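Novice: Below is a structure I'd like to ask you about.
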Amino acid sequence: MPPALHIPLDQIDTTKIVADQEAIRKLNQQRFEMEHLTAVVYMDPTQHLMIGYKDVRDDEFWVRGHMPGYPIMPGVIMCEAAAQLCGFYIATHKIMIGDFIGFGGLENVRFRAPVKPGDRLLLVGKGTRIHRRQTVCNVQGFVGTTMVFHADVLGVPLLRREEG
């Protein structure tokens with residue numbers, strides 16, 4: 001049984017973009033084939049609610065090999081997209097201070113349906129533990145009205161170290 005929705009899907013307007021890829025790049029460090037967040041469409045700091053999406057393209061690096069003839073988005077990439085949404089939210093609201101927000105882990109992950117090239121993966125996150133040293137956001141992913149995955153994403157602040 002899927003968990004309760006963080007927000008009714010019919011209340012989400014994906015046409016009102018809060019942050020496009022250029023705005024996301026100002027706060028998220030990922031580049032090239034590791035950029036997995038197309039846009040952010042909603043952020044509510046009072047409820048710690050965030051909504052964004054990834055448009056899944058047919059030229060993604062994983063399409064050719066996962067799975068040949070029937071490309072299915074790897075679950076780890078779905079989770080990475082979720083982490084990028086959470087990281088953007090955390091950085092935007094200065095919840096954690098560091099050089100960037102790191103992916104601290106995953107808990108309670110379930111994959112429920114495949115995601116394929118041409119799909120829009122809608123990501124709805126809700127902060128469930130907000131702290132300067134670690135945050136936890138529960139993220140639900142959808143294609144259309146189908147919940148395709150859900151997970152608790154842990155974020156931690158990271159500082160760059162000089163190689164010496």
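Identifiers in the structure tokens: chain A, B, ... in order shown; residue index from 1 per chain; ligand index from 1 in order shown.
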Considering only C-alpha atoms, return as a PDB file with N, CA and C atoms, in the first residue's frame whatever protein or nucleic-acid residues lie within 12 Å of Ile77 (chain A), sequence-local ones (same chain, fewer than 4 positions apart) excluded.

Specialist:
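Below is the file around-v1.pdb, written as the result:
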ATOM      1  N   GLU A  33      26.036  14.683 -17.002  1.00  0.00           N
ATOM      2  CA  GLU A  33      25.137  13.535 -16.882  1.00  0.00           C
ATOM      3  C   GLU A  33      24.623  13.319 -15.462  1.00  0.00           C
ATOM      4  N   MET A  34      25.124  14.058 -14.482  1.00  0.00           N
ATOM      5  CA  MET A  34      24.645  13.902 -13.110  1.00  0.00           C
ATOM      6  C   MET A  34      23.622  14.966 -12.701  1.00  0.00           C
ATOM      7  N   GLU A  35      23.194  15.805 -13.630  1.00  0.00           N
ATOM      8  CA  GLU A  35      22.101  16.743 -13.345  1.00  0.00           C
ATOM      9  C   GLU A  35      20.779  16.005 -13.553  1.00  0.00           C
ATOM     10  N   HIS A  36      20.031  15.821 -12.476  1.00  0.00           N
ATOM     11  CA  HIS A  36      18.799  15.043 -12.563  1.00  0.00           C
ATOM     12  C   HIS A  36      17.583  15.796 -12.038  1.00  0.00           C
ATOM     13  N   LEU A  37      17.640  17.112 -12.071  1.00  0.00           N
ATOM     14  CA  LEU A  37      16.504  17.931 -11.664  1.00  0.00           C
ATOM     15  C   LEU A  37      16.285  18.975 -12.751  1.00  0.00           C
ATOM     16  N   LYS A  54      11.835  15.934 -13.040  1.00  0.00           N
ATOM     17  CA  LYS A  54      12.886  15.570 -13.980  1.00  0.00           C
ATOM     18  C   LYS A  54      12.200  15.067 -15.236  1.00  0.00           C
ATOM     19  N   VAL A  56      12.578  12.933 -18.239  1.00  0.00           N
ATOM     20  CA  VAL A  56      13.445  11.809 -18.573  1.00  0.00           C
ATOM     21  C   VAL A  56      13.600  11.758 -20.097  1.00  0.00           C
ATOM     22  N   GLU A  60      19.570   9.859 -22.198  1.00  0.00           N
ATOM     23  CA  GLU A  60      20.230   9.748 -20.894  1.00  0.00           C
ATOM     24  C   GLU A  60      21.303   8.654 -20.956  1.00  0.00           C
ATOM     25  N   PHE A  61      22.346   8.787 -20.170  1.00  0.00           N
ATOM     26  CA  PHE A  61      23.487   7.868 -20.241  1.00  0.00           C
ATOM     27  C   PHE A  61      23.121   6.415 -19.946  1.00  0.00           C
ATOM     28  N   TRP A  62      22.078   6.164 -19.200  1.00  0.00           N
ATOM     29  CA  TRP A  62      21.715   4.811 -18.777  1.00  0.00           C
ATOM     30  C   TRP A  62      20.788   4.100 -19.758  1.00  0.00           C
ATOM     31  N   VAL A  63      20.196   4.843 -20.694  1.00  0.00           N
ATOM     32  CA  VAL A  63      19.149   4.281 -21.554  1.00  0.00           C
ATOM     33  C   VAL A  63      19.645   3.086 -22.371  1.00  0.00           C
ATOM     34  N   HIS A  66      20.281  -0.051 -19.707  1.00  0.00           N
ATOM     35  CA  HIS A  66      19.399  -0.409 -18.572  1.00  0.00           C
ATOM     36  C   HIS A  66      17.938  -0.280 -18.973  1.00  0.00           C
ATOM     37  N   ILE A  72      14.577   1.241 -18.579  1.00  0.00           N
ATOM     38  CA  ILE A  72      13.908   1.564 -17.321  1.00  0.00           C
ATOM     39  C   ILE A  72      14.887   2.410 -16.510  1.00  0.00           C
ATOM     40  N   MET A  73      14.422   3.538 -16.025  1.00  0.00           N
ATOM     41  CA  MET A  73      15.267   4.415 -15.221  1.00  0.00           C
ATOM     42  C   MET A  73      15.726   3.680 -13.962  1.00  0.00           C
ATOM     43  N   ALA A  81      17.724  12.121  -8.121  1.00  0.00           N
ATOM     44  CA  ALA A  81      16.875  13.259  -8.475  1.00  0.00           C
ATOM     45  C   ALA A  81      16.171  13.798  -7.227  1.00  0.00           C
ATOM     46  N   ALA A  82      15.691  12.891  -6.391  1.00  0.00           N
ATOM     47  CA  ALA A  82      15.040  13.290  -5.139  1.00  0.00           C
ATOM     48  C   ALA A  82      16.019  14.028  -4.236  1.00  0.00           C
ATOM     49  N   ALA A  83      17.238  13.509  -4.129  1.00  0.00           N
ATOM     50  CA  ALA A  83      18.255  14.153  -3.289  1.00  0.00           C
ATOM     51  C   ALA A  83      18.603  15.538  -3.817  1.00  0.00           C
ATOM     52  N   GLN A  84      18.627  15.706  -5.130  1.00  0.00           N
ATOM     53  CA  GLN A  84      18.929  17.013  -5.703  1.00  0.00           C
ATOM     54  C   GLN A  84      17.821  18.021  -5.399  1.00  0.00           C
ATOM     55  N   PHE A 111      10.342   0.962  -4.642  1.00  0.00           N
ATOM     56  CA  PHE A 111      10.068   1.261  -6.047  1.00  0.00           C
ATOM     57  C   PHE A 111       8.777   0.556  -6.412  1.00  0.00           C
ATOM     58  N   VAL A 115       9.937   3.838 -14.635  1.00  0.00           N
ATOM     59  CA  VAL A 115      10.002   5.163 -15.237  1.00  0.00           C
ATOM     60  C   VAL A 115      10.800   4.985 -16.527  1.00  0.00           C
ATOM     61  N   LYS A 116      10.275   5.546 -17.632  1.00  0.00           N
ATOM     62  CA  LYS A 116      10.887   5.334 -18.935  1.00  0.00           C
ATOM     63  C   LYS A 116      11.192   6.666 -19.611  1.00  0.00           C
ATOM     64  N   LEU A 121       9.133  12.695 -14.304  1.00  0.00           N
ATOM     65  CA  LEU A 121       9.164  12.190 -12.937  1.00  0.00           C
ATOM     66  C   LEU A 121       8.917  13.375 -12.005  1.00  0.00           C
ATOM     67  N   GLY A 141       7.782  10.001  -5.638  1.00  0.00           N
ATOM     68  CA  GLY A 141       7.934  10.225  -7.067  1.00  0.00           C
ATOM     69  C   GLY A 141       6.727   9.700  -7.816  1.00  0.00           C
ATOM     70  N   PHE A 149       7.861   5.635  -6.757  1.00  0.00           N
ATOM     71  CA  PHE A 149       8.782   5.331  -5.668  1.00  0.00           C
ATOM     72  C   PHE A 149       8.531   6.284  -4.517  1.00  0.00           C
TER      73      PHE A 149
END

Novice: Chain A: which residues are strand (DSSP E or B) by DSSP, as an NGL selection string?

Specialist: :A and (19 or 39-44 or 49-55 or 100-111 or 120-129 or 135-143 or 146-158)

Novice: Each residue of region 46-96 of chain A lying at most 10 Å from region 134-137 of chain A should get a row with its shortest atom-to-atom pair and the distance in Å to one decimal, counting only C-alpha atoms; could you produce that, ordered by chain and increasing number, as a tab-separated table?

Specialist:
residue	atom	partner	partner_atom	distance
A:His48	CA	A:Cys137	CA	8.7
A:Leu49	CA	A:Cys137	CA	9.0
A:Met50	CA	A:Cys137	CA	9.5
A:Ala82	CA	A:Cys137	CA	9.1
A:Ala83	CA	A:Cys137	CA	8.7
A:Leu85	CA	A:Cys137	CA	9.8
A:Cys86	CA	A:Cys137	CA	6.8
A:Gly87	CA	A:Thr135	CA	9.6
A:Ile90	CA	A:Thr135	CA	8.4
A:Ile95	CA	A:Thr135	CA	8.6
A:Met96	CA	A:Gln134	CA	7.9

Novice: Those same residues - C-alpha atoms - I'd like them written as an mmCIF file, in the first residue's frame.

Specialist:
data_model
loop_
_atom_site.group_PDB
_atom_site.id
_atom_site.type_symbol
_atom_site.label_atom_id
_atom_site.label_comp_id
_atom_site.auth_asym_id
_atom_site.auth_seq_id
_atom_site.Cartn_x
_atom_site.Cartn_y
_atom_site.Cartn_z
ATOM 1 C CA HIS A 48 8.987 22.164 4.467
ATOM 2 C CA LEU A 49 7.290 21.090 1.244
ATOM 3 C CA MET A 50 9.147 21.032 -2.082
ATOM 4 C CA ALA A 82 15.040 13.290 -5.139
ATOM 5 C CA ALA A 83 18.255 14.153 -3.289
ATOM 6 C CA LEU A 85 15.469 18.463 -5.021
ATOM 7 C CA CYS A 86 16.064 18.196 -1.260
ATOM 8 C CA GLY A 87 19.553 19.686 -1.564
ATOM 9 C CA ILE A 90 18.015 23.015 1.959
ATOM 10 C CA ILE A 95 19.054 25.146 6.639
ATOM 11 C CA MET A 96 22.592 23.761 6.571
#

Novice: When you draw a straight line from CA of Gly104 (chain A) to CA of Gly155 (chain A), how long is it in Å?

Specialist: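 Pair CA of Gly104 (chain A) / CA of Gly155 (chain A) returns 4.9 Å.
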
Novice: Quick one: which region 36-122 of chain A residues come within 9 Å of region 3-12 of chain A, and what is the nearest atom pair for each with the distance in Å to one decimal, counting only C-alpha atoms, rows ordered by chain and ascending number, as a Markdown table?

Specialist:
| residue | atom | partner | partner_atom | distance |
| --- | --- | --- | --- | --- |
| A:Val41 | CA | A:Ile12 | CA | 8.4 |
| A:Tyr42 | CA | A:Ile12 | CA | 8.3 |
| A:Leu49 | CA | A:His6 | CA | 8.1 |
| A:Ile51 | CA | A:Ile12 | CA | 8.3 |

Novice: Find, counting only C-alpha atoms, the residue in A:Gly69, A:Met1, A:Gln30, A:Leu122 that gets nearest to Val143 (chain A).

Specialist: A:Leu122

Novice: Residues within 6 Å of Asn138 (chain A), please, as a list of chain:residue names. Count only C-alpha atoms; anything in the same chain fewer than 6 positions from it doesn't count.

Specialist: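 Returned residues: A:Gly125, A:Lys126, A:Ala151, A:Asp152.
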
Novice: Can you write just those residues out, N, CA and C atoms, as an mmCIF file, in the first residue's frame?

Specialist:
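To be explicit, this is the file written out as again16.cif:
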data_model
loop_
_atom_site.group_PDB
_atom_site.id
_atom_site.type_symbol
_atom_site.label_atom_id
_atom_site.label_comp_id
_atom_site.auth_asym_id
_atom_site.auth_seq_id
_atom_site.Cartn_x
_atom_site.Cartn_y
_atom_site.Cartn_z
ATOM 1 N N GLY A 125 8.549 16.408 -2.105
ATOM 2 C CA GLY A 125 9.301 16.160 -0.877
ATOM 3 C C GLY A 125 8.737 16.920 0.303
ATOM 4 N N LYS A 126 8.889 16.323 1.464
ATOM 5 C CA LYS A 126 8.468 16.977 2.704
ATOM 6 C C LYS A 126 9.552 16.741 3.753
ATOM 7 N N ALA A 151 10.876 7.445 -0.684
ATOM 8 C CA ALA A 151 12.096 7.226 0.095
ATOM 9 C C ALA A 151 12.303 8.359 1.086
ATOM 10 N N ASP A 152 13.001 8.056 2.156
ATOM 11 C CA ASP A 152 13.497 9.076 3.065
ATOM 12 C C ASP A 152 14.929 9.378 2.646
#

Novice: Check the DSSP output for the backbone and give back, as a list in words, the residues of region 24-136 of chain A in alpha helix (DSSP H).

Specialist: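 These are the residues in question: Ile24, Arg25, Lys26, Leu27, Gly75, Val76, Ile77, Met78, Cys79, Glu80, Ala81, Ala82, Ala83, Gln84, Leu85, Cys86, Gly87, Phe88, Tyr89, Ile90, Ala91 and Thr92 of chain A.
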
Novice: Rounded to one decimal place, report the CA of Gly75 (chain A)-CA of Pro2 (chain A) distance in Å.

Specialist: 16.7 Å

Novice: Calculated over only C-alpha atoms, which of the candidates A:Ile97, A:Val139, A:Val40, A:Ala91 has the smallest distance to Arg110 (chain A)?

Specialist: A:Val139

Novice: For Gln21 (chain A), which of A:Cys79, A:Phe88, A:Pro74, A:Gly127 is the closest residue, counting only C-alpha atoms?

Specialist: A:Phe88

Novice: Given the choices A:Ile101, A:Leu159, A:Val18, A:Val76, which gets closest to Asp44 (chain A) if the distance is worked out from only C-alpha atoms?

Specialist: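 Comparing A:Ile101, A:Leu159, A:Val18, A:Val76 against Asp44 (chain A), the winner is A:Val18.
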
Novice: So what do you get for CA of Ala23 (chain A) versus CA of Tyr89 (chain A), distance-wise?

Specialist: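 So the two atoms, CA of Ala23 (chain A) and CA of Tyr89 (chain A), lie 11.9 Å apart.
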